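K.L.:
My structure is stored as data.cif, with mmCIF, C-alpha atoms.
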data_start
loop_
_atom_site.label_atom_id
_atom_site.label_comp_id
_atom_site.auth_asym_id
_atom_site.auth_seq_id
_atom_site.Cartn_x
_atom_site.Cartn_y
_atom_site.Cartn_z
CA MET A 1339 73.07 73.83 93.39
CA ILE A 1340 75.86 75.97 91.95
CA LYS A 1341 75.07 78.02 88.88
CA ARG A 1342 77.68 77.91 86.16
CA GLY A 1343 78.58 81.04 84.27
CA LYS A 1344 81.48 83.20 83.21
CA PRO A 1345 84.07 82.86 86.00
CA GLU A 1346 84.27 86.31 87.57
CA GLY A 1347 85.43 87.40 90.98
CA PRO A 1348 88.16 86.15 93.29
CA ILE A 1349 89.11 82.85 94.83
CA ARG A 1350 88.72 83.28 98.60
CA TRP A 1351 90.71 81.23 101.10
CA THR A 1352 89.88 81.58 104.80
CA THR A 1353 92.00 79.99 107.50
CA LEU A 1354 89.78 78.22 110.03
CA GLY A 1355 92.75 76.87 111.98
CA ASN A 1356 96.29 75.59 111.49
CA ALA A 1357 97.48 74.37 114.89
CA PRO A 1358 99.08 70.93 115.40
CA TYR A 1359 96.50 70.20 118.12
CA PRO A 1360 93.29 72.08 119.03
CA LYS A 1361 93.93 75.12 121.22
CA ALA A 1362 91.46 77.30 123.13
CA ASP A 1363 91.01 79.71 120.23
CA GLU A 1364 92.51 77.78 117.32
CA PRO A 1365 91.51 74.49 115.69
CA CYS A 1366 93.83 72.22 113.76
CA SER A 1367 94.27 72.59 110.01
CA GLY A 1368 91.20 73.57 108.04
CA PHE A 1369 90.44 76.13 105.34
CA LEU A 1370 87.34 77.41 103.56
CA LEU A 1371 87.87 77.67 99.79
CA GLN A 1372 85.23 79.73 97.96
CA ALA A 1373 84.75 80.77 94.33
CA GLY A 1374 81.74 81.20 92.05
CA GLY A 1375 79.28 80.30 94.79
CA ALA A 1376 81.11 77.06 95.72
CA ASN A 1377 82.04 76.39 99.35
CA VAL A 1378 84.74 73.74 99.82
CA LEU A 1379 86.23 72.71 103.13
CA VAL A 1380 89.93 71.91 102.67
CA ASP A 1381 91.18 69.70 105.52
CA ILE A 1382 89.09 68.96 108.58
CA GLY A 1383 91.34 68.70 111.61
CA GLY A 1384 90.21 68.77 115.22
CA GLY A 1385 87.94 71.73 116.00
CA VAL A 1386 87.49 72.77 112.37
CA LEU A 1387 83.83 71.75 112.06
CA GLY A 1388 82.74 74.25 114.70
CA SER A 1389 84.88 77.04 113.26
CA LEU A 1390 83.47 76.46 109.77
CA GLN A 1391 79.99 77.31 110.99
CA HIS A 1392 81.06 80.87 111.82
CA TYR A 1393 81.25 81.37 108.04
CA ILE A 1394 78.68 79.10 106.38
CA ARG A 1395 75.88 76.74 107.34
CA LEU A 1396 76.65 73.06 106.92
CA GLU A 1397 73.82 72.77 104.41
CA ASP A 1398 75.69 75.30 102.24
CA LEU A 1399 78.83 73.17 102.08
CA HIS A 1400 79.42 71.76 98.58
CA ALA A 1401 82.47 69.52 99.05
CA VAL A 1402 85.26 68.46 101.41
CA TRP A 1403 88.85 67.97 100.21
CA ILE A 1404 91.29 66.18 102.54
CA SER A 1405 95.05 66.40 101.95
CA HIS A 1406 96.02 63.40 104.12
CA LEU A 1407 94.81 61.24 106.97
CA HIS A 1408 96.82 62.54 109.91
CA ALA A 1409 94.51 63.54 112.76
CA ASP A 1410 95.39 67.24 112.69
CA HIS A 1411 93.99 67.37 109.14
CA PHE A 1412 91.29 64.70 109.38
CA ALA A 1413 90.01 64.21 112.95
CA ASP A 1414 86.69 66.06 112.55
CA MET A 1415 85.58 63.93 109.59
CA PRO A 1416 83.74 61.43 111.86
CA LEU A 1417 81.92 64.41 113.40
CA LEU A 1418 80.90 65.68 109.98
CA TYR A 1419 79.44 62.22 109.40
CA TYR A 1420 77.41 62.59 112.61
CA ALA A 1421 76.24 66.03 111.48
CA PHE A 1422 74.96 64.58 108.21
CA ALA A 1423 73.66 61.27 109.56
CA PHE A 1424 71.67 62.79 112.42
CA ALA A 1425 70.65 66.16 110.97
CA GLU A 1426 67.11 67.32 111.71
CA LYS A 1427 66.49 67.66 107.98
CA PRO A 1428 68.00 65.46 105.23
CA MET A 1429 71.32 66.87 104.02
CA ARG A 1430 72.34 67.05 100.39
CA LYS A 1431 74.91 64.35 99.54
CA ILE A 1432 78.20 66.11 98.85
CA PRO A 1433 81.52 64.79 97.51
CA VAL A 1434 84.27 64.11 100.05
CA LEU A 1435 87.63 63.75 98.35
CA GLY A 1436 90.52 62.21 100.25
CA PRO A 1437 93.33 59.67 100.04
CA VAL A 1438 92.51 56.02 99.38
CA GLY A 1439 90.81 54.42 102.37
CA TRP A 1440 89.46 57.57 104.03
CA ALA A 1441 85.86 56.29 104.08
CA LYS A 1442 86.74 52.93 105.65
CA ARG A 1443 88.76 54.66 108.34
CA VAL A 1444 85.80 56.83 109.31
CA GLN A 1445 83.38 53.90 109.14
CA ASP A 1446 85.60 51.81 111.43
CA PHE A 1447 85.80 54.69 113.89
CA VAL A 1448 82.06 55.40 114.12
CA LYS A 1449 80.87 51.78 113.86
CA SER A 1450 77.89 51.24 116.15
CA SER A 1451 74.50 49.55 116.16
CA THR A 1452 73.54 51.55 113.07
CA ASP A 1453 74.81 50.07 109.83
CA HIS A 1454 75.52 53.37 108.09
CA ARG A 1455 78.17 53.74 105.42
CA MET A 1456 79.91 56.90 104.29
CA SER A 1457 78.35 56.41 100.85
CA ASP A 1458 74.91 56.80 102.44
CA TYR A 1459 75.69 60.47 103.14
CA PHE A 1460 78.64 61.44 100.95
CA GLN A 1461 79.92 60.86 97.45
CA VAL A 1462 83.08 58.91 98.29
CA VAL A 1463 85.94 60.06 96.04
CA GLU A 1464 89.55 58.91 96.40
CA LEU A 1465 92.24 61.32 95.28
CA LYS A 1466 94.86 60.54 92.68
CA ASP A 1467 97.81 62.51 91.37
CA ARG A 1468 96.74 65.09 88.75
CA GLY A 1469 93.06 64.31 89.34
CA ILE A 1470 90.73 67.26 88.88
CA ALA A 1471 87.49 67.86 90.76
CA GLU A 1472 84.96 70.37 89.46
CA ILE A 1473 82.56 72.12 91.82
CA GLY A 1474 80.63 74.44 89.55
CA ASP A 1475 83.27 76.50 87.73
CA LEU A 1476 85.84 75.95 90.46
CA LYS A 1477 88.46 73.34 89.52
CA ILE A 1478 90.70 71.70 92.12
CA GLN A 1479 93.67 69.66 90.93
CA ALA A 1480 95.45 67.29 93.33
CA ARG A 1481 99.18 66.69 93.18
CA ALA A 1482 100.93 63.95 95.15
CA VAL A 1483 103.51 65.33 97.58
CA GLU A 1484 106.15 63.87 99.93
CA HIS A 1485 104.98 63.13 103.46
CA ALA A 1486 105.02 60.31 106.01
CA VAL A 1487 101.72 59.03 104.57
CA THR A 1488 99.98 59.40 101.21
CA ALA A 1489 99.39 63.14 100.86
CA PHE A 1490 98.32 65.71 98.29
CA GLY A 1491 98.62 69.42 97.67
CA LEU A 1492 96.19 71.31 95.48
CA THR A 1493 95.80 74.01 92.88
CA ALA A 1494 92.46 75.85 92.91
CA ARG A 1495 91.50 77.35 89.54
CA TYR A 1496 88.63 79.71 88.81
CA GLY A 1497 88.80 81.30 85.40
CA ASP A 1498 92.29 82.78 85.12
CA ARG A 1499 92.79 82.89 88.89
CA ARG A 1500 94.99 80.40 90.75
CA LEU A 1501 95.76 79.61 94.38
CA ALA A 1502 97.94 76.73 95.59
CA TYR A 1503 98.17 74.84 98.90
CA THR A 1504 100.98 72.48 99.79
CA GLY A 1505 99.21 70.39 102.43
CA ASP A 1506 101.89 68.72 104.57
CA SER A 1507 104.97 67.90 102.49
CA GLY A 1508 108.69 67.82 102.42
CA PRO A 1509 110.50 69.50 99.50
CA CYS A 1510 109.57 67.90 96.15
CA ASP A 1511 109.17 68.84 92.49
CA ASN A 1512 105.37 68.57 92.59
CA LEU A 1513 105.17 71.49 95.01
CA VAL A 1514 106.69 73.78 92.41
CA THR A 1515 104.46 72.27 89.72
CA LEU A 1516 101.25 72.87 91.66
CA ALA A 1517 102.24 76.44 92.56
CA LYS A 1518 103.27 77.56 89.05
CA GLY A 1519 100.81 80.10 87.70
CA ALA A 1520 99.32 80.74 91.15
CA ARG A 1521 99.23 84.23 92.60
CA ILE A 1522 99.20 82.93 96.18
CA LEU A 1523 100.95 79.91 97.66
CA VAL A 1524 99.73 78.72 101.06
CA ALA A 1525 102.65 76.66 102.39
CA GLU A 1526 103.09 74.72 105.59
CA CYS A 1527 106.35 75.20 107.49
CA PHE A 1528 106.21 72.76 110.37
CA ALA A 1529 109.91 71.90 110.13
CA THR A 1530 111.73 74.24 112.50
CA GLU A 1531 115.10 73.25 111.06
CA ILE A 1532 116.24 72.38 107.55
CA GLU A 1533 116.21 68.59 107.42
CA ILE A 1534 117.26 66.20 104.64
CA PRO A 1535 115.19 64.19 104.00
CA SER A 1536 112.15 65.87 105.50
CA VAL A 1537 108.39 65.27 105.53
CA HIS A 1538 107.72 68.96 106.26
CA LEU A 1539 108.89 72.29 104.87
CA SER A 1540 111.09 74.72 106.75
CA PRO A 1541 110.48 78.45 106.16
CA GLU A 1542 113.49 78.43 103.82
CA ASP A 1543 112.01 75.48 101.90
CA ALA A 1544 108.66 77.26 101.57
CA GLY A 1545 110.43 80.34 100.26
CA LEU A 1546 112.31 78.29 97.67
CA VAL A 1547 109.10 76.70 96.40
CA ALA A 1548 107.49 80.16 96.09
CA ALA A 1549 110.56 81.55 94.28
CA HIS A 1550 110.86 78.65 91.83
CA ALA A 1551 107.12 78.75 91.10
CA GLY A 1552 107.13 82.52 90.58
CA VAL A 1553 104.20 83.30 92.89
CA SER A 1554 103.52 86.84 94.05
CA ARG A 1555 102.59 86.08 97.64
CA LEU A 1556 103.65 83.42 100.13
CA VAL A 1557 101.39 82.65 103.07
CA LEU A 1558 102.94 80.46 105.76
CA THR A 1559 100.69 78.12 107.70
CA HIS A 1560 100.96 75.22 110.19
CA LEU A 1561 104.07 76.63 111.86
CA GLY A 1562 106.19 74.20 113.85
CA LEU A 1563 106.16 74.31 117.64
CA GLY A 1564 108.46 77.04 118.89
CA LEU A 1565 108.68 78.73 115.49
CA HIS A 1566 107.52 82.32 115.98
CA GLU A 1567 105.82 84.28 113.22
CA ASP A 1568 108.51 86.95 112.85
CA GLU A 1569 111.22 84.31 112.68
CA ALA A 1570 109.29 82.29 110.09
CA ILE A 1571 108.84 85.34 107.86
CA GLU A 1572 112.46 86.41 108.27
CA ARG A 1573 113.76 82.96 107.37
CA ALA A 1574 111.43 82.56 104.37
CA ALA A 1575 112.61 85.96 103.10
CA THR A 1576 116.16 84.58 102.74
CA THR A 1577 114.95 82.48 99.79
CA PHE A 1578 111.94 84.47 98.49
CA ASN A 1579 111.78 88.21 97.86
CA GLY A 1580 108.02 88.56 97.38
CA ALA A 1581 105.30 89.34 99.93
CA ILE A 1582 105.26 86.97 102.93
CA GLU A 1583 102.78 86.65 105.78
CA VAL A 1584 101.60 84.12 108.34
CA ALA A 1585 98.03 82.83 108.27
CA LYS A 1586 95.95 83.07 111.43
CA PRO A 1587 92.42 81.86 112.18
CA GLY A 1588 90.08 84.24 110.36
CA THR A 1589 92.69 85.34 107.80
CA MET A 1590 90.94 85.67 104.43
CA LEU A 1591 92.97 85.77 101.21
CA GLU A 1592 91.78 86.72 97.74
CA ALA A 1593 93.51 85.49 94.60
#
Can you dump the structure from the file as structure tokens?

P.N.:
Amino acid sequence: MIKRGKPEGPIRWTTLGNAPYPKADEPCSGFLLQAGGANVLVDIGGGVLGSLQHYIRLEDLHAVWISHLHADHFADMPLLYYAFAFAEKPMRKIPVLGPVGWAKRVQDFVKSSTDHRMSDYFQVVELKDRGIAEIGDLKIQARAVEHAVTAFGLTARYGDRRLAYTGDSGPCDNLVTLAKGARILVAECFATEIEIPSVHLSPEDAGLVAAHAGVSRLVLTHLGLGLHEDEAIERAATTFNGAIEVAKPGTMLEA
């Protein structure tokens, strides 16, 4: 149970992984969002579930928030179901928030002789544009973004603190909207070249979103194959003159 009170202290965002496929020392996309005692797993790609447990116990997880249903952001969700369904001790039912149909997709994948449903172990919540989830005093607002499938970015709010995450998205107005008022923008840049139209951001695109939103700090994540960190930062700096860095597994940000 999370105690409510005067929101004090930072929003913490820890990168668990951001690779396009699991590597020896790096899972796919997954992040631990923490504020006011709340622990929220944002995206749950391949390998993320194991990495999460370096930071918190599964029984201390309060919610899962899934940006979209591509495997590199979603593949460990069936394994989280196994962790809850077959735990030695009963697990607290937590909300899992994802695009429409996420629960059926997991159920179809894990279907076996047991007739378990996701709703037996999780509070099944389907995301909608502008929808707000509250986990204690932490508020998470979803904004629909442009991708090859239904996808959402988020704004995390805790008191007067803000942090934004693009999820996977091509350039769109909602990215600027979700990042406005945030100190930190965590932005994917999987597009190695500027493409029109695009379902991913290039470093230049990420920089433009950060500049138009007026954030102080841009953190690049989910870099495209062959896009090196120094190059990504240098290219983002052509459109954004604030602080820029690249997230790595274990990187912890405070907003």

K.L.:
Enumerate, as number ranges by chain, the residues matched when the PyMOL selection byres ((chain A and resi 1519-1530) around 8) is run on the file above.

P.N.:
A: 1493, 1499-1507, 1517-1518, 1531-1533, 1536, 1538-1541, 1543-1544, 1548, 1551-1565, 1593

K.L.:
Take the selection from the previous step and output its residues with C-alpha atoms, as an mmCIF file, in the frame of the given file.

P.N.:
data_model
loop_
_atom_site.group_PDB
_atom_site.id
_atom_site.type_symbol
_atom_site.label_atom_id
_atom_site.label_comp_id
_atom_site.auth_asym_id
_atom_site.auth_seq_id
_atom_site.Cartn_x
_atom_site.Cartn_y
_atom_site.Cartn_z
ATOM 1 C CA THR A 1493 95.800 74.010 92.880
ATOM 2 C CA ARG A 1499 92.790 82.890 88.890
ATOM 3 C CA ARG A 1500 94.990 80.400 90.750
ATOM 4 C CA LEU A 1501 95.760 79.610 94.380
ATOM 5 C CA ALA A 1502 97.940 76.730 95.590
ATOM 6 C CA TYR A 1503 98.170 74.840 98.900
ATOM 7 C CA THR A 1504 100.980 72.480 99.790
ATOM 8 C CA GLY A 1505 99.210 70.390 102.430
ATOM 9 C CA ASP A 1506 101.890 68.720 104.570
ATOM 10 C CA SER A 1507 104.970 67.900 102.490
ATOM 11 C CA ALA A 1517 102.240 76.440 92.560
ATOM 12 C CA LYS A 1518 103.270 77.560 89.050
ATOM 13 C CA GLU A 1531 115.100 73.250 111.060
ATOM 14 C CA ILE A 1532 116.240 72.380 107.550
ATOM 15 C CA GLU A 1533 116.210 68.590 107.420
ATOM 16 C CA SER A 1536 112.150 65.870 105.500
ATOM 17 C CA HIS A 1538 107.720 68.960 106.260
ATOM 18 C CA LEU A 1539 108.890 72.290 104.870
ATOM 19 C CA SER A 1540 111.090 74.720 106.750
ATOM 20 C CA PRO A 1541 110.480 78.450 106.160
ATOM 21 C CA ASP A 1543 112.010 75.480 101.900
ATOM 22 C CA ALA A 1544 108.660 77.260 101.570
ATOM 23 C CA ALA A 1548 107.490 80.160 96.090
ATOM 24 C CA ALA A 1551 107.120 78.750 91.100
ATOM 25 C CA GLY A 1552 107.130 82.520 90.580
ATOM 26 C CA VAL A 1553 104.200 83.300 92.890
ATOM 27 C CA SER A 1554 103.520 86.840 94.050
ATOM 28 C CA ARG A 1555 102.590 86.080 97.640
ATOM 29 C CA LEU A 1556 103.650 83.420 100.130
ATOM 30 C CA VAL A 1557 101.390 82.650 103.070
ATOM 31 C CA LEU A 1558 102.940 80.460 105.760
ATOM 32 C CA THR A 1559 100.690 78.120 107.700
ATOM 33 C CA HIS A 1560 100.960 75.220 110.190
ATOM 34 C CA LEU A 1561 104.070 76.630 111.860
ATOM 35 C CA GLY A 1562 106.190 74.200 113.850
ATOM 36 C CA LEU A 1563 106.160 74.310 117.640
ATOM 37 C CA GLY A 1564 108.460 77.040 118.890
ATOM 38 C CA LEU A 1565 108.680 78.730 115.490
ATOM 39 C CA ALA A 1593 93.510 85.490 94.600
#

K.L.:
Please, which residues in stretch 1368-1445 of chain A fall within 9 Å of stretch 1456-1467 of chain A when counting all atoms listed in the file, and what is the closest atom pair and distance in Å to one decimal for each, ordered by chain then residue number, as CSV?

P.N.:
residue,atom,partner,partner_atom,distance
A:Trp1403,CA,A:Leu1465,CA,8.9
A:Ile1404,CA,A:Leu1465,CA,8.8
A:Ser1405,CA,A:Leu1465,CA,8.8
A:Tyr1419,CA,A:Met1456,CA,7.4
A:Phe1422,CA,A:Tyr1459,CA,6.6
A:Ala1423,CA,A:Tyr1459,CA,6.8
A:Met1429,CA,A:Tyr1459,CA,7.8
A:Arg1430,CA,A:Tyr1459,CA,7.9
A:Lys1431,CA,A:Phe1460,CA,4.9
A:Ile1432,CA,A:Phe1460,CA,5.1
A:Pro1433,CA,A:Gln1461,CA,4.2
A:Val1434,CA,A:Val1462,CA,5.6
A:Leu1435,CA,A:Val1463,CA,4.7
A:Gly1436,CA,A:Glu1464,CA,5.2
A:Pro1437,CA,A:Leu1465,CA,5.2
A:Val1438,CA,A:Glu1464,CA,5.1
A:Gly1439,CA,A:Glu1464,CA,7.6
A:Trp1440,CA,A:Glu1464,CA,7.7
A:Ala1441,CA,A:Met1456,CA,6.0
A:Lys1442,CA,A:Met1456,CA,8.0
A:Val1444,CA,A:Met1456,CA,7.7
A:Gln1445,CA,A:Met1456,CA,6.7

K.L.:
Would you translate the PyMOL selection byres ((chain A and resi 1394) around 12) into the concrete set of residues it matches in this file, as a PyMOL selection string?

P.N.:
chain A and resi 1352+1354+1370-1372+1375-1379+1387-1393+1395-1400

K.L.:
Work out how far apart atom CA of A:Arg1573 and atom CA of A:Thr1488 are and give it in Å to one decimal.

P.N.:
28.0 Å

K.L.:
A:Cys1510, A:Ala1357, A:Leu1516, A:Gly1474: which is nearest A:Ile1534, counting only C-alpha atoms?

P.N.:
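Of A:Cys1510, A:Ala1357, A:Leu1516, A:Gly1474, the one nearest A:Ile1534, counting only C-alpha atoms, is A:Cys1510.
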
K.L.:
Exactly which residues make up the result of the PyMOL selection byres ((chain A and resi 1572) around 12) on this file, given as a VMD selection string?

P.N.:
chain A and resid 1540 to 1542 1544 to 1545 1558 1565 to 1571 1573 to 1584

K.L.:
Have a look at atom CA of A:Lys1344 and atom CA of A:Asp1475 and let me know their distance in Å, one decimal.

P.N.:
8.3 Å

K.L.:
By how many Å are atom CA of A:Pro1348 and atom CA of A:Tyr1496 apart?

P.N.:
7.9 Å

K.L.:
Once you count only C-alpha atoms, which residues end up no further than 9 Å from (91.9, 64.9, 109.1) in the file's frame, shown as a list in words?

P.N.:
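So the residues meeting the distance criterion are Cys1366, Ser1367, Gly1368, Asp1381, Ile1382, Gly1383, Gly1384, Ile1404, Ser1405, His1406, Leu1407, His1408, Ala1409, Asp1410, His1411, Phe1412, Ala1413, Asp1414 and Met1415 of chain A.
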
K.L.:
Which of these, A:Lys1586, A:Leu1546, A:Lys1449, A:Val1380, has the shortest distance to A:Gly1491 once you count all atoms listed in the file?

P.N.:
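Once distances to A:Gly1491 are computed over all atoms listed in the file, the minimum belongs to A:Val1380.
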
K.L.:
Considering all atoms listed in the file, state which residue in the set A:Thr1589, A:Ala1471, A:Tyr1420, A:Asn1512 is at the smallest distance from A:Ser1450.

P.N.:
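Closest to A:Ser1450 of all the choices is A:Tyr1420.
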
K.L.:
Could you check which of A:Phe1424, A:Phe1490, A:Phe1369, A:Trp1351 is closest to A:Glu1592, using all atoms listed in the file?

P.N.:
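Looking only at the distances to A:Glu1592, the closest residue turns out to be A:Trp1351.
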
K.L.:
Which is closer to A:Pro1358 than all the others in A:Leu1418, A:Gly1385, A:Gly1374, A:Glu1472, using all atoms listed in the file?

P.N.:
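Under the stated criterion, the closest residue is A:Gly1385.
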
K.L.:
Kindly output stretch 1518-1543 of chain A as a PDB file, in the frame of the given file, after building N, CA and C atoms.

P.N.:
ATOM      1  N   LYS A1518     103.004  76.749  90.244  1.00  0.00           N
ATOM      2  CA  LYS A1518     103.270  77.560  89.050  1.00  0.00           C
ATOM      3  C   LYS A1518     101.971  78.145  88.505  1.00  0.00           C
ATOM      4  N   GLY A1519     101.991  79.430  88.225  1.00  0.00           N
ATOM      5  CA  GLY A1519     100.810  80.100  87.700  1.00  0.00           C
ATOM      6  C   GLY A1519      99.885  80.624  88.784  1.00  0.00           C
ATOM      7  N   ALA A1520     100.156  80.268  90.050  1.00  0.00           N
ATOM      8  CA  ALA A1520      99.320  80.740  91.150  1.00  0.00           C
ATOM      9  C   ALA A1520      99.796  82.115  91.615  1.00  0.00           C
ATOM     10  N   ARG A1521      98.857  82.934  92.019  1.00  0.00           N
ATOM     11  CA  ARG A1521      99.230  84.230  92.600  1.00  0.00           C
ATOM     12  C   ARG A1521      99.646  84.055  94.055  1.00  0.00           C
ATOM     13  N   ILE A1522      98.939  83.156  94.761  1.00  0.00           N
ATOM     14  CA  ILE A1522      99.200  82.930  96.180  1.00  0.00           C
ATOM     15  C   ILE A1522      99.574  81.474  96.407  1.00  0.00           C
ATOM     16  N   LEU A1523     100.605  81.248  97.210  1.00  0.00           N
ATOM     17  CA  LEU A1523     100.950  79.910  97.660  1.00  0.00           C
ATOM     18  C   LEU A1523     100.773  79.872  99.182  1.00  0.00           C
ATOM     19  N   VAL A1524      99.902  78.974  99.633  1.00  0.00           N
ATOM     20  CA  VAL A1524      99.730  78.720 101.060  1.00  0.00           C
ATOM     21  C   VAL A1524     100.597  77.502 101.386  1.00  0.00           C
ATOM     22  N   ALA A1525     101.654  77.715 102.170  1.00  0.00           N
ATOM     23  CA  ALA A1525     102.650  76.660 102.390  1.00  0.00           C
ATOM     24  C   ALA A1525     102.840  76.382 103.868  1.00  0.00           C
ATOM     25  N   GLU A1526     102.795  75.108 104.208  1.00  0.00           N
ATOM     26  CA  GLU A1526     103.090  74.720 105.590  1.00  0.00           C
ATOM     27  C   GLU A1526     104.572  74.918 105.855  1.00  0.00           C
ATOM     28  N   CYS A1527     104.924  75.203 107.124  1.00  0.00           N
ATOM     29  CA  CYS A1527     106.350  75.200 107.490  1.00  0.00           C
ATOM     30  C   CYS A1527     106.462  74.682 108.926  1.00  0.00           C
ATOM     31  N   PHE A1528     106.186  73.399 109.062  1.00  0.00           N
ATOM     32  CA  PHE A1528     106.210  72.760 110.370  1.00  0.00           C
ATOM     33  C   PHE A1528     107.621  72.337 110.782  1.00  0.00           C
ATOM     34  N   ALA A1529     108.517  72.246 109.813  1.00  0.00           N
ATOM     35  CA  ALA A1529     109.910  71.900 110.130  1.00  0.00           C
ATOM     36  C   ALA A1529     110.619  73.138 110.672  1.00  0.00           C
ATOM     37  N   THR A1530     111.070  73.072 111.914  1.00  0.00           N
ATOM     38  CA  THR A1530     111.730  74.240 112.500  1.00  0.00           C
ATOM     39  C   THR A1530     113.186  74.357 112.061  1.00  0.00           C
ATOM     40  N   GLU A1531     113.741  73.251 111.592  1.00  0.00           N
ATOM     41  CA  GLU A1531     115.100  73.250 111.060  1.00  0.00           C
ATOM     42  C   GLU A1531     115.102  72.649 109.670  1.00  0.00           C
ATOM     43  N   ILE A1532     116.105  72.980 108.877  1.00  0.00           N
ATOM     44  CA  ILE A1532     116.240  72.380 107.550  1.00  0.00           C
ATOM     45  C   ILE A1532     116.703  70.941 107.729  1.00  0.00           C
ATOM     46  N   GLU A1533     115.893  70.010 107.252  1.00  0.00           N
ATOM     47  CA  GLU A1533     116.210  68.590 107.420  1.00  0.00           C
ATOM     48  C   GLU A1533     116.232  67.900 106.064  1.00  0.00           C
ATOM     49  N   ILE A1534     117.169  66.976 105.877  1.00  0.00           N
ATOM     50  CA  ILE A1534     117.260  66.200 104.640  1.00  0.00           C
ATOM     51  C   ILE A1534     117.418  64.736 105.004  1.00  0.00           C
ATOM     52  N   PRO A1535     116.472  63.848 104.635  1.00  0.00           N
ATOM     53  CA  PRO A1535     115.190  64.190 104.000  1.00  0.00           C
ATOM     54  C   PRO A1535     114.203  64.718 105.041  1.00  0.00           C
ATOM     55  N   SER A1536     113.122  65.304 104.585  1.00  0.00           N
ATOM     56  CA  SER A1536     112.150  65.870 105.500  1.00  0.00           C
ATOM     57  C   SER A1536     110.737  65.607 104.985  1.00  0.00           C
ATOM     58  N   VAL A1537     109.793  65.450 105.913  1.00  0.00           N
ATOM     59  CA  VAL A1537     108.390  65.270 105.530  1.00  0.00           C
ATOM     60  C   VAL A1537     107.613  66.567 105.750  1.00  0.00           C
ATOM     61  N   HIS A1538     108.321  67.639 106.116  1.00  0.00           N
ATOM     62  CA  HIS A1538     107.720  68.960 106.260  1.00  0.00           C
ATOM     63  C   HIS A1538     108.645  69.996 105.634  1.00  0.00           C
ATOM     64  N   LEU A1539     108.102  71.183 105.381  1.00  0.00           N
ATOM     65  CA  LEU A1539     108.890  72.290 104.870  1.00  0.00           C
ATOM     66  C   LEU A1539     109.384  73.161 106.020  1.00  0.00           C
ATOM     67  N   SER A1540     110.600  73.644 105.900  1.00  0.00           N
ATOM     68  CA  SER A1540     111.090  74.720 106.750  1.00  0.00           C
ATOM     69  C   SER A1540     110.664  76.043 106.105  1.00  0.00           C
ATOM     70  N   PRO A1541     110.769  77.160 106.816  1.00  0.00           N
ATOM     71  CA  PRO A1541     110.480  78.450 106.160  1.00  0.00           C
ATOM     72  C   PRO A1541     111.337  78.685 104.922  1.00  0.00           C
ATOM     73  N   GLU A1542     112.611  78.279 104.995  1.00  0.00           N
ATOM     74  CA  GLU A1542     113.490  78.430 103.820  1.00  0.00           C
ATOM     75  C   GLU A1542     112.994  77.576 102.657  1.00  0.00           C
ATOM     76  N   ASP A1543     112.553  76.362 102.950  1.00  0.00           N
ATOM     77  CA  ASP A1543     112.010  75.480 101.900  1.00  0.00           C
ATOM     78  C   ASP A1543     110.774  76.111 101.255  1.00  0.00           C
TER      79      ASP A1543
END
